[in-house]
Structure formats: C-alpha cells, structure tokens
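Take a look at the structure below.
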Amino acid sequence: MSDRALRAATQVLAENWRGTYTVPAAGLYPHQWSWDSAFIAIGLRHISPRRAQQELDAIFSAQWDDGRLPQIVFNPRLDVQYSPGASFWHSERIPGSPAVPTSGLIQPPNHALATLLVHQSDPETSERRRFLSRSYESLLGWHDYLEQRRTGASGLVHIVHPWESGMDNSPFWDAPLAAIGASFGSDIPRPDLNHADASHRPSNAEYGKYLYLAARYRDHDCDDRDDAYPFILEDPAVHALLIRSEWAMAQLADLLGADSAGHRRKARELTDALESLWDDELGCYVANDVVAGAKQRFRTVSGLIPLLVPDLPRTDELLRTLSSEHFRLGGTALVPSHDLTAATFDSARYWRGPSWFNTAWLIAEALHERGFSDAARALATQMADLGLDHDFPEYVDPHSGEPRGTQRFSWTAALSLDLYE
Ligand code: 2M8
C-alpha cells in the first residue's frame, strides 16, 4: 500500500476515534455501532492493535445481562443528531440492560472473527491486557444469547428488525414489512437526511415500519417473548457470520486451553441448518419469513456471504453466481448488494444495489481462505483504490464506482488497510 493511502485511511480513523471507540461517520452515525466496530477493529489492527482491542472492549462493555451485544451504544450528548437515540430506547428502564445507554436490538455476529484476527496481529499486547480471556467470556454469552434465545425450530438464528441484518432496506424485507399494517405514524424524525441524499437512503414509509417495530420490541422490554411479534426473519449473512464466528470461537478456545469441541460441533449443526435457505434456481441463499412461512426469493449479497463458511457444500454454485451477470465479480465495482438484473435493483439506494466495502471484504476474505488469492487481492485492491479516490465513501454505485451515502466512513478506511499483500 502506498504511503499516501495509508496516511489517508489513518487520518479518517483518527478523526472518527472518540477515545475508546470509533464512530462510523461523524455526522450521519455519531455513536458506536456493533458490527462496524468489529470491521473497524479488523483494519485498525494494522495501525494500532491496542486501539483495535479497545474498540472491541468498548462494545463488550455494553453487553446486556442476557448476553446480547447491542446494535448501538449511544453518546447521550448527541441525542438529537441521530434517530432513534437514547431518549427513544430508554434502555435504563429495561431489566438486564448495561450501565451505558444502548439500543435493544443487535447486529450481525462478526465479533469472534474480529477478536481472533485482532489477537493474532499482536499476541503479546493481547496477553498483557488479558484481551483474549476477557473477550472469550463476553463472546460465550453473546453466542449463547443467539443460539438459545434467538434460534428457532429450524436451527437458524432469528432477526427481529431489518436493522439487525445490517442491510436495512434489502428487498428481503419488502414483503414482511408490507404485511405489517401498523406504522409509527407520519411524524418521522429523519436527521439522517441532513447528511446524505434522500435518494440514497431508505424511504419514509420504511422508516415508519422501522420505528414501529423498534418501539414495539422496546415496549416488550426487548425480552423476545412477544408471541404476536410481526417480524421474525432468518437471514443467510447473519447466520453465516454466526457459523464463521463459531469456528473462530473454536480457535480462541484452543489458544486459551479451553474445550473447543463444542464450538466445532455447534458450527457443524448451524451449517446443516443453513441448507434450508438454499435456492437452487437463484444459485444463492435467501431469507425466510418465519411469520408468513415464506422464502424471500431475491439474489442479494447476503445470500453469497455463506461463502465464508468452512466446508460449505454450495461453494461452486456460489462462485458461479458471483461471476454471473447478477453480480459480475471483476466486471463491476466491488460486489453489488443486490442482483444487477433485478427489477428491484437501484444503483443508489442503500442496500438495494450499491456496493459496500464491508461485504466486499467478507467476500474477499472468503476467496482468500479458499485459495483464490488473485481474485481476493484484486477485490481488496479495488476496495483500497475506490476508497482513496472518493474520500472513503459509505457505498458506491456498482456501475460507475461513484460515491454514494456519506464519506470519510470508518469501515471503508479500516478495511482498505487489509490488502492480502
Ligand atoms: C446502517 O444502519 C443504521 C441503523 O443501524 C442506519 O441506517 O441508521 C447500516 O448500513 C448498518 O449496516 C450500519 O452498521 C450502520 C452504521 O454504519 O448504518
């Protein structure tokens, strides 16, 4: 990597650092986000393994008693700058919440994978700070929450809000949201539109449903026991990241001299369960609406992320789909979030088409682990070049590579440091 690229990425990460964690972007996202921090830590380990550890420490210190790691840890001083914030959630009123104000929802479980990579980058500092043993305890609680409280009869992990997928307005959620008659009302705060073009963001109608679901989950004390709760989905990327993280837990257990067999067994069980989300005709995994009992048959980047799962039976098919006209690996900017040929594809709007850097990293990592070193390096190099050329955009138009959303975005800067050189 060039000195200029390293300096530019380091500068963004320094600007967005808040003493113990990194905000995703100063204006649009002024708090700490869970899966962002794990991706940021993966990049930060190249410039400061200690800061990478602190980034993860900060999210672990906001763990709920039931083990969940919250979607967002709020800075209450910035309440009006982001909606819904601390004054919406009032997490201090919910039994089992931590001392700091947080959202009650979760995000995809990439934390064990990040913990392993961060530890491996500087085992000495990690040992001195007891990073591994402290993190492992938190991660055990986190995975228990997902595998006990959030797993259904299918053996697949459940999400209860589009935000929990990290891919807020993916077409996967269109029908499940449309089936919910209720909405939050017409007075929807949209501070996000002060920082990004409305045509790059989810619509007001979607926000009405997002806030309705969040308020309902909050008003039931976030206890996962609301029998008539209307949004329960199984998402391939969330489930695949849990599997990949369970394999990482096995490695962490080995490093700590703890029992790793249970993690391997669990990872295999979770991999077997994933098979029910396979769609032969589409050539990828799809989401399942548990409430309606209906598959959401779209090609999205979420359905390709299982490529990261070791010993996956569908690798060849997924690689074919990735290179096909639907995602055009190598022929377009990064990996589009949605099928380029679909009627629902939108090259600008958030998770309905634009290419994102975190999902590109997950695909690059999968290609690297499977021995496709040239393809992994090409994708990582494209990430680094697009990041540098466009001031580290949140996402890009897959056709033109033009920046969309906000800029000086932390995971874009962080992951551009991970080049497979
Ligand atoms: C986006 O989601 C938040 C809600 O969590 C939002 O739209 O306000 C998503 O891109 C998500 O994946 C990401 O973690 C978050 C912060 O970067 O922004």
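Residue numbering restarts at 1 in every chain; chains get A, B, ... in the order shown in the structure tokens, and ligands count up from 1 in that same order.
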
Spatial neighbours of Asp36 of chain A, max dist 8 Å, only C-alpha atoms, sep filter under 2 positions, as number ranges by chain | A: 24, 32-34, 38-40, 410-411

Would you kindly return, as a list of chain:residue names, each protein, DNA or RNA residue with an atom no farther than 10 Å from any atom of Gly96 of chain A, considering only C-alpha atoms and excluding same-chain residues fewer than 2 positions away?
->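 Residues meeting the cut-off are A:Gln63, A:Trp64, A:Asp65, A:Asp66, A:Gly67, A:Ser91, A:Glu92, A:Arg93, A:Ile94, A:Pro98, A:Ala99, A:Asp221, A:Cys222, A:Asp223.
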
Tell me, which residues of segment 63-250 of chain A carry DSSP helix (DSSP H, G or I), written as a ChimeraX atom specification?
-> /A:76-81,86-89,91-93,111-121,123-128,131-149,162-165,171-178,191-194,198-200,204-219,236-250

Could you list, as a PyMOL selection string, all the residues within 10 Å of ligand 1, counting only C-alpha atoms and all ligand atoms?
-> chain A and resi 23-25+28-37+39+71-72+82-84+103+105-108+161-169+190-192+201-202+207+210+350-351+356+358-359+394-395+405-406+409-411
